[in-house]
Amino acid sequence: MSSIVDPIKEGLARGWKVLGGKHGPLPTSLDCDVVIVGSGAGAGITAELLAKAGLKIAIVEEGPLKSSSDFRQLEADAYAQLYQEGGGRKTADQAMPVLQGRCVGGSTTVNWAGAFRTPEETLNYWVDIYGLKECGAEAMKPWFEQVEARLNISEWLTDPNANNSVLRRGALKLGIKAPTIHRNVKGCWNLGSCGLGCPTNAKQSMLVTTIPTALDLGATLMVQTRADKLELKGNQISGLLCQPVHADGSHAGPAFRITAKHYVVAGGAINSPALMMRSGLPNPNDLLGRRTFLHPTVASSAVMPEPVQGWAGAPLAVFSDHFLRTQPIDGAIGYKLETAPVHPGFAMTNLGGMGRTLVDKAKTFPHTSILIGLLRDGFHPEAGGGVVELKSDGSPVLDYPINGYLLDGARRAHLSMVEIQFAAGAKSVRPAHEQAQDYQSWHQAREAILALPYEPYITTIGSAHVMGGCAMAATPAQGVVQPDGQHWQVANLSVHDGSVFPTSIGANPQLTVYAQAARMATGLAKRLTERDVRLDSPAVPASAASAA
Ligand SMILES: Cc1cc2nc3c(=O)[nH]c(=O)nc-3n(C[C@H](O)[C@H](O)[C@H](O)COP(=O)(O)OP(=O)(O)OC[C@H]3O[C@@H](n4cnc5c(N)ncnc54)[C@H](O)[C@@H]3O)c2cc1C
């Protein structure tokens with residue numbers, strides 16, 4: 001029996017109000033102060049702050065409640081149980097796989113724990129182009145500090161794993177800076193299975209931080225419950241229709257209705273705009289679901305002389321922003337370099353290749369290193385992102401065309417990564433492209449990559465960073481929501497998740513989602529209760545606070 005304490009099991013034993021799935025029947029109706037759709041990065045932060053303000057909140061999460069006792073470092077379990085569409089979500093033309101969480105904690109339960117503040121040049125762009133003066137670097141600093149304190153975000157002090165060392169070694173050889181990443185972990189065992197759910201509760205995801213705090217303060221969590229439709233009456237939401245679902249997403253019982261004073265949508269980019277589209281909410285400037293960004297991500301795998309065992313150790317520890325900083329934000333597309341965990345299922349399905357190529361890859365697996373290049377979309381007219389559409393059953397799909405502008409970035413990112421891998425001593429390198437080969441030298445690879453056709457499908461591109469679709473802006477002409485998260489046309493509705501970003505950010509998004517949600521939820525708590533709440537203050541029940 002494991003000696004690792006499972007905070008979810010303990011909370012359930014303490015009497016947390018968790019309903020749905022195996023936790024018991026859902027109510028036929030429910031009334032509360034605020035209902036929050038989702039339980040991921042934006043929802044978790046919002047739940048803790050609103051619960052601290054003494055509000056009666058309900059959290060509606062489509063996915064299951066899984067916890068450290070369930071996380072067994074097995075890919076076969078994790079993708080099916082914890083990810084949107086069982087890990088199989090793709091863009092409309094099937095050209096890009098899109099990874100998003102679908103479980104309590106949302107994508108934070110499965111993310112790789114890299115934590116970056118929003119780059120200053122992105123915030124400046126938001127201030128200049130979208131009038132978001134609240135989002136300037138100075139204005140955002142206290143929000144980043146508050147979140148960092150709450151989620152134990154600090155520099156990764158342990159040696160990077162062998163995969164991250166390839167990036168650092170190769171980059172430094174070429175005179176490129178490759179600093180250490182900050183991570184939201186506490187007592188990390190350096191196992192490397194962040195993407196499969198943290199079995200030791202070290203990752204400070206929403207699953208083990210804010211959601212438990214909200215539940216301890218009396219919140220109700222409904223799992224395996226899909227928010228189906230917001231009902232609009234005049235310029236107000238009058239109710240939220242919810243649908244119990246089985247683990248596979250199919251209907252599991254009759255729909256029921258939640259009524260609240262205020263409604264917060266935080267289902268993540270793609271699902272949040274979809275809920276609002278299904279509900280027929282006003283969209284006078286045709287912005288809803290548009291400008292959805294992915295950080296389209298390309299990869300390159302290298303066979304190193306030394307064992308890499310890239311499935312072990314913190315998957316993200318080193319990065320390089322060299323190729324973001326050396327070009328203007330709105331010029332040729334820039335890219336951030338990082339590493340990806342080398343888990344067999346993930347790597348073999350996402351890096352392309354078939355038949356003999358895959359067999360050869362499997363043989364060299366323990367020596368394989370994977371670098372990734374994340375393209376910064378959203379700042380150039382030719383990187384306008386994708387559009388969320390509804391399928392006939394009301395579920396969403398993202399139409400995100402891959403054009404020549406992005407593919408030029410893909411080629412340049414491949415060149416950069418391959419050069420770094422050879423500089424780090426690689427025996428052979430293969431960019432993730434269906435017509436690429438194993439190249440034995442930088443010179444050979446460079447010639448080949450310059451001659452390869454860069455087109456959708458044959459250029460392997462994916463994403464784990466979905467952003468935008470409900471942009472915030474200072475005017476309704478530019479945004480779906482106001483700078484404080486409030487919907488421009490609907491009085492008691494806010495959006496608090498990654499969908500509010502007006503562009504991608506050019507860094508892994510979780511800390512930006514947390515900080516923006518903290519800013520928005522603190523303001524919402526003040527508007528609804530007159531109370532000042534903070535993430536880094538103790539969670540005192542409102543009744544105790546007012547008695548003191
Ligand atoms: C594999 C992976 C690795 C990543 N690594 C990193 C990293 O290292 N660093 C980093 O900064 N970022 C990383 N990210 C991205 C980061 O986790 C996300 O950007 C962030 O969590 C998004 O927050 P969100 O609130 O917008 O949505 P999410 O955290 O995705 O939460 C949305 C939640 O809403 C639920 N939901 C959706 N629709 C409905 C509905 N209709 N009814 C009820 N519930 C609904 C979903 O099931 C989900 O649980 C990673 C993501 C993935 C998938």
# chains A, B, ... in the order shown; residues from 1 in each chain; ligands from 1
>>> residues_around(residues="His23 of chain A", least_positions_apart="3", cutoff="12 Å", atoms="only C-alpha atoms", output="list in words")
Lys9, Leu12, Ala13, Gly15, Trp16, Lys17, Val18, Leu19, Gly20, Leu26, Pro64, Leu65, Lys66, Thr220, Leu221, Met222, Val223, Gln224 and Thr225 of chain A
>>> residues_around(residues="Asn350 of chain A", least_positions_apart="3", cutoff="8 Å", atoms="only C-alpha atoms", output="list of chain:residue names")
A:Pro97, A:Phe346, A:Ala347, A:Thr460, A:Gly462
>>> write_last_selection(atoms="N, CA, C and O atoms", output="JSON list (two decimals), in the first residue's frame")
[["chain", "number", "residue", "atom", "x", "y", "z"],
["A", 97, "PRO", "N", -2.75, 17.68, -33.65],
["A", 97, "PRO", "CA", -3.31, 17.21, -32.37],
["A", 97, "PRO", "C", -3.29, 18.35, -31.36],
["A", 97, "PRO", "O", -2.36, 19.16, -31.36],
["A", 346, "PHE", "N", 3.40, 8.91, -26.26],
["A", 346, "PHE", "CA", 3.36, 10.31, -26.67],
["A", 346, "PHE", "C", 4.32, 10.56, -27.85],
["A", 346, "PHE", "O", 3.96, 11.13, -28.87],
["A", 347, "ALA", "N", 5.55, 10.09, -27.69],
["A", 347, "ALA", "CA", 6.56, 10.38, -28.71],
["A", 347, "ALA", "C", 6.29, 9.62, -30.01],
["A", 347, "ALA", "O", 6.41, 10.18, -31.10],
["A", 460, "THR", "N", 5.07, 17.83, -39.09],
["A", 460, "THR", "CA", 4.38, 17.44, -37.86],
["A", 460, "THR", "C", 4.28, 18.64, -36.93],
["A", 460, "THR", "O", 5.29, 19.21, -36.52],
["A", 462, "GLY", "N", 1.84, 20.20, -33.52],
["A", 462, "GLY", "CA", 0.80, 19.94, -32.53],
["A", 462, "GLY", "C", 0.73, 21.08, -31.54],
["A", 462, "GLY", "O", 1.40, 22.10, -31.71]]
>>> residues_around(residues="segment 523-536 of chain A", least_positions_apart="6", cutoff="12 Å", atoms="only C-alpha atoms", output="count of residues only")
52
>>> closest_residue(among="A:Phe293, A:Tyr130, A:Phe365, A:Phe422", to="Pro341 of chain A", atoms="only C-alpha atoms")
A:Phe365
>>> atom_distance(atom1="atom CA of Tyr405 of chain A", atom2="atom CA of Tyr335 of chain A")
12.7 Å
>>> closest_residue(among="A:Ile8, A:Leu207, A:Leu374, A:Ala464", to="ligand 1", atoms="only C-alpha atoms and all ligand atoms")
A:Ala464
>>> residues_around(residues="Gly385 of chain A", least_positions_apart="3", cutoff="10 Å", atoms="only C-alpha atoms", output="list in words")
Arg290, Arg291, Thr292, Phe293, Leu294, His295, Pro296, Asp377, Gly378, Phe379, His380, Pro381, Glu382, Leu398, Asp399, Tyr400, Pro401, Ile402, Met467, Gly468, Gly469, Thr503 and Ser504 of chain A
>>> select_by_dssp(residues="segment 50-279 of chain A", states="strand (DSSP E or B)", output="PyMOL selection string")
chain A and resi 57-60+83+90+97-98+101+114-115+153-155+180+182-185+203+220-222+225-233+236-245+251+256-265
>>> write_last_selection(atoms="C-alpha atoms", output="CSV table (one decimal), in the first residue's frame")
chain,number,residue,atom,x,y,z
A,57,ILE,CA,-20.1,28.6,-5.1
A,58,ALA,CA,-20.7,25.6,-7.3
A,59,ILE,CA,-18.0,24.2,-9.7
A,60,VAL,CA,-19.1,22.3,-12.7
A,83,TYR,CA,-7.5,14.5,-21.5
A,90,LYS,CA,-7.4,17.5,-33.3
A,97,PRO,CA,-3.3,17.2,-32.4
A,98,VAL,CA,-4.4,19.5,-29.5
A,101,GLY,CA,-7.0,18.4,-19.8
A,114,GLY,CA,6.8,25.0,-16.4
A,115,ALA,CA,5.8,28.4,-15.1
A,153,ILE,CA,6.6,28.7,-8.1
A,154,SER,CA,10.3,29.0,-8.1
A,155,GLU,CA,13.4,28.2,-10.0
A,180,THR,CA,16.5,27.4,-16.0
A,182,HIS,CA,10.5,28.1,-12.9
A,183,ARG,CA,8.2,25.3,-11.8
A,184,ASN,CA,5.1,25.0,-9.6
A,185,VAL,CA,6.2,22.1,-7.5
A,203,LYS,CA,2.9,19.5,-8.7
A,220,THR,CA,-19.9,22.2,-4.2
A,221,LEU,CA,-18.1,20.3,-6.9
A,222,MET,CA,-20.1,18.5,-9.6
A,225,THR,CA,-21.2,17.2,-15.4
A,226,ARG,CA,-21.2,19.2,-18.6
A,227,ALA,CA,-22.3,22.8,-18.7
A,228,ASP,CA,-24.5,22.7,-21.8
A,229,LYS,CA,-26.2,26.0,-22.1
A,230,LEU,CA,-26.4,29.4,-20.5
A,231,GLU,CA,-30.0,30.7,-20.6
A,232,LEU,CA,-30.2,34.3,-21.6
A,233,LYS,CA,-33.0,36.6,-20.4
A,236,GLN,CA,-28.7,38.6,-17.9
A,237,ILE,CA,-28.0,34.9,-17.6
A,238,SER,CA,-31.0,33.3,-15.8
A,239,GLY,CA,-29.7,29.8,-15.5
A,240,LEU,CA,-27.2,27.2,-16.5
A,241,LEU,CA,-28.4,23.9,-18.0
A,242,CYS,CA,-26.1,21.0,-17.1
A,243,GLN,CA,-25.9,17.5,-18.4
A,244,PRO,CA,-24.5,14.5,-16.3
A,245,VAL,CA,-22.0,12.6,-18.5
A,251,HIS,CA,-25.3,11.4,-21.5
A,256,PHE,CA,-30.6,19.9,-14.5
A,257,ARG,CA,-30.5,23.6,-13.9
A,258,ILE,CA,-28.2,25.8,-11.8
A,259,THR,CA,-29.2,29.3,-10.9
A,260,ALA,CA,-26.7,31.9,-9.6
A,261,LYS,CA,-26.2,35.6,-9.1
A,262,HIS,CA,-23.1,35.4,-11.3
A,263,TYR,CA,-21.8,32.9,-13.9
A,264,VAL,CA,-18.1,32.4,-14.5
A,265,VAL,CA,-17.1,30.5,-17.7
>>> select_by_dssp(residues="segment 348-496 of chain A", states="helix (DSSP H, G or I)", output="ChimeraX atom specification")
/A:348-350,356-363,365-367,404-423,442-451
>>> closest_residue(among="A:Ala317, A:Met140, A:Ala518, A:Ala426", to="Trp112 of chain A", atoms="only C-alpha atoms")
A:Ala317
>>> residues_around(residues="Cys470 of chain A", least_positions_apart="4", cutoff="9 Å", atoms="only C-alpha atoms", output="ChimeraX atom specification")
/A:269,272-273,287-292,479-481,495,498-502
>>> atom_distance(atom1="atom CA of Thr28 of chain A", atom2="atom 26 (O, counted along the ligand's line) of ligand 1")
28.2 Å
>>> closest_residue(among="A:Val298, A:Ser441, A:Arg376, A:Gln435", to="Arg411 of chain A", atoms="only C-alpha atoms")
A:Val298
>>> residues_around(residues="Asn508 of chain A", least_positions_apart="3", cutoff="9 Å", atoms="only C-alpha atoms", output="PyMOL selection string")
chain A and resi 114-118+295+465+505+511-512
>>> write_last_selection(atoms="N, CA, C and O atoms", output="CSV table (one decimal), in the first residue's frame")
chain,number,residue,atom,x,y,z
A,114,GLY,N,6.0,23.8,-16.1
A,114,GLY,CA,6.8,25.0,-16.4
A,114,GLY,C,6.0,26.3,-16.1
A,114,GLY,O,4.8,26.3,-16.5
A,115,ALA,N,6.6,27.3,-15.4
A,115,ALA,CA,5.8,28.4,-15.1
A,115,ALA,C,6.6,29.7,-15.5
A,115,ALA,O,7.7,30.0,-15.0
A,116,PHE,N,6.0,30.4,-16.4
A,116,PHE,CA,6.6,31.7,-16.9
A,116,PHE,C,5.7,32.8,-16.7
A,116,PHE,O,4.5,32.7,-17.0
A,117,ARG,N,6.2,34.0,-16.2
A,117,ARG,CA,5.4,35.2,-16.3
A,117,ARG,C,5.1,35.6,-17.8
A,117,ARG,O,6.0,35.2,-18.6
A,118,THR,N,4.1,36.3,-18.0
A,118,THR,CA,3.8,36.7,-19.4
A,118,THR,C,5.0,37.6,-19.9
A,118,THR,O,5.3,38.5,-19.2
A,295,HIS,N,0.1,28.3,-30.2
A,295,HIS,CA,1.6,28.1,-30.2
A,295,HIS,C,1.9,26.8,-31.0
A,295,HIS,O,2.4,25.8,-30.4
A,465,HIS,N,-1.1,24.3,-25.9
A,465,HIS,CA,-1.3,25.6,-25.4
A,465,HIS,C,-2.5,26.3,-26.2
A,465,HIS,O,-2.2,27.0,-27.1
A,505,ILE,N,0.9,34.0,-26.1
A,505,ILE,CA,1.8,34.9,-25.3
A,505,ILE,C,3.3,34.7,-25.5
A,505,ILE,O,4.1,35.4,-25.1
A,511,LEU,N,0.9,30.3,-15.9
A,511,LEU,CA,1.0,31.4,-14.9
A,511,LEU,C,0.3,32.6,-15.4
A,511,LEU,O,-0.3,33.4,-14.6
A,512,THR,N,0.2,32.8,-16.7
A,512,THR,CA,-0.6,34.0,-17.2
A,512,THR,C,-2.1,33.7,-16.9
A,512,THR,O,-2.8,34.7,-16.5
>>> closest_residue(among="A:Ala139, A:Ala219, A:Met206, A:Ile461", to="Ala410 of chain A", atoms="only C-alpha atoms")
A:Ile461
>>> closest_residue(among="A:Thr158, A:Asn163, A:Gln204, A:Gln327", to="ligand 1", atoms="only C-alpha atoms and all ligand atoms")
A:Gln204
>>> atom_distance(atom1="atom CA of Pro25 of chain A", atom2="atom 30 (O, counted along the ligand's line) of ligand 1")
25.0 Å
>>> decode(residues="segment 27-60 of chain A", atoms="N, CA and C atoms", output="compact mmCIF listing (two decimals), in the first residue's frame")
# COMPACT_ATOMS: atom_id res chain seq x y z
N PRO A 27 -27.95 16.97 -8.14
CA PRO A 27 -29.25 17.50 -7.72
C PRO A 27 -30.17 17.68 -8.93
N THR A 28 -31.45 17.89 -8.67
CA THR A 28 -32.36 18.18 -9.78
C THR A 28 -32.31 19.67 -10.10
N SER A 29 -31.90 20.48 -9.14
CA SER A 29 -31.65 21.90 -9.38
C SER A 29 -30.75 22.39 -8.25
N LEU A 30 -30.14 23.55 -8.45
CA LEU A 30 -29.23 24.07 -7.42
C LEU A 30 -29.19 25.58 -7.54
N ASP A 31 -29.15 26.26 -6.40
CA ASP A 31 -29.03 27.71 -6.41
C ASP A 31 -27.78 28.10 -5.62
N CYS A 32 -27.02 29.04 -6.12
CA CYS A 32 -25.79 29.45 -5.43
C CYS A 32 -25.50 30.91 -5.77
N ASP A 33 -24.42 31.44 -5.19
CA ASP A 33 -24.05 32.82 -5.53
C ASP A 33 -23.35 32.86 -6.90
N VAL A 34 -22.36 31.98 -7.05
CA VAL A 34 -21.60 31.97 -8.31
C VAL A 34 -21.40 30.53 -8.76
N VAL A 35 -21.69 30.26 -10.02
CA VAL A 35 -21.36 28.95 -10.58
C VAL A 35 -20.16 29.15 -11.52
N ILE A 36 -19.20 28.23 -11.39
CA ILE A 36 -17.97 28.31 -12.20
C ILE A 36 -17.94 27.09 -13.11
N VAL A 37 -17.82 27.33 -14.39
CA VAL A 37 -17.72 26.22 -15.36
C VAL A 37 -16.25 25.86 -15.54
N GLY A 38 -15.90 24.60 -15.23
CA GLY A 38 -14.52 24.14 -15.32
C GLY A 38 -13.87 24.13 -13.95
N SER A 39 -12.71 23.44 -13.87
CA SER A 39 -11.98 23.40 -12.60
C SER A 39 -10.48 23.49 -12.86
N GLY A 40 -10.11 24.06 -14.02
CA GLY A 40 -8.70 24.17 -14.41
C GLY A 40 -8.05 25.43 -13.87
N ALA A 41 -7.08 25.93 -14.61
CA ALA A 41 -6.25 27.04 -14.12
C ALA A 41 -7.08 28.26 -13.73
N GLY A 42 -7.92 28.74 -14.65
CA GLY A 42 -8.70 29.94 -14.36
C GLY A 42 -9.79 29.67 -13.33
N ALA A 43 -10.44 28.51 -13.45
CA ALA A 43 -11.54 28.16 -12.54
C ALA A 43 -11.03 27.95 -11.12
N GLY A 44 -9.90 27.26 -10.98
CA GLY A 44 -9.38 26.94 -9.65
C GLY A 44 -9.06 28.20 -8.87
N ILE A 45 -8.35 29.10 -9.51
CA ILE A 45 -7.98 30.37 -8.84
C ILE A 45 -9.25 31.13 -8.48
N THR A 46 -10.20 31.17 -9.40
CA THR A 46 -11.46 31.88 -9.15
C THR A 46 -12.21 31.24 -7.99
N ALA A 47 -12.26 29.92 -7.96
CA ALA A 47 -12.99 29.20 -6.91
C ALA A 47 -12.42 29.54 -5.53
N GLU A 48 -11.10 29.50 -5.42
CA GLU A 48 -10.51 29.77 -4.10
C GLU A 48 -10.83 31.20 -3.65
N LEU A 49 -10.65 32.16 -4.54
CA LEU A 49 -10.85 33.56 -4.14
C LEU A 49 -12.31 33.84 -3.80
N LEU A 50 -13.23 33.34 -4.60
CA LEU A 50 -14.65 33.62 -4.33
C LEU A 50 -15.09 32.89 -3.06
N ALA A 51 -14.57 31.68 -2.84
CA ALA A 51 -14.93 30.96 -1.61
C ALA A 51 -14.37 31.71 -0.40
N LYS A 52 -13.16 32.25 -0.54
CA LYS A 52 -12.58 33.03 0.57
C LYS A 52 -13.41 34.27 0.87
N ALA A 53 -14.09 34.78 -0.14
CA ALA A 53 -14.94 35.97 0.06
C ALA A 53 -16.26 35.59 0.72
N GLY A 54 -16.46 34.31 0.97
CA GLY A 54 -17.67 33.87 1.66
C GLY A 54 -18.83 33.58 0.73
N LEU A 55 -18.56 33.52 -0.57
CA LEU A 55 -19.64 33.26 -1.53
C LEU A 55 -19.94 31.76 -1.60
N LYS A 56 -21.20 31.46 -1.81
CA LYS A 56 -21.62 30.06 -1.98
C LYS A 56 -21.37 29.71 -3.44
N ILE A 57 -20.41 28.86 -3.70
CA ILE A 57 -20.06 28.60 -5.10
C ILE A 57 -20.29 27.13 -5.48
N ALA A 58 -20.55 26.94 -6.76
CA ALA A 58 -20.66 25.59 -7.32
C ALA A 58 -19.70 25.51 -8.50
N ILE A 59 -18.98 24.40 -8.58
CA ILE A 59 -18.01 24.19 -9.67
C ILE A 59 -18.54 23.04 -10.52
N VAL A 60 -18.61 23.27 -11.82
CA VAL A 60 -19.15 22.26 -12.74
C VAL A 60 -18.01 21.77 -13.64
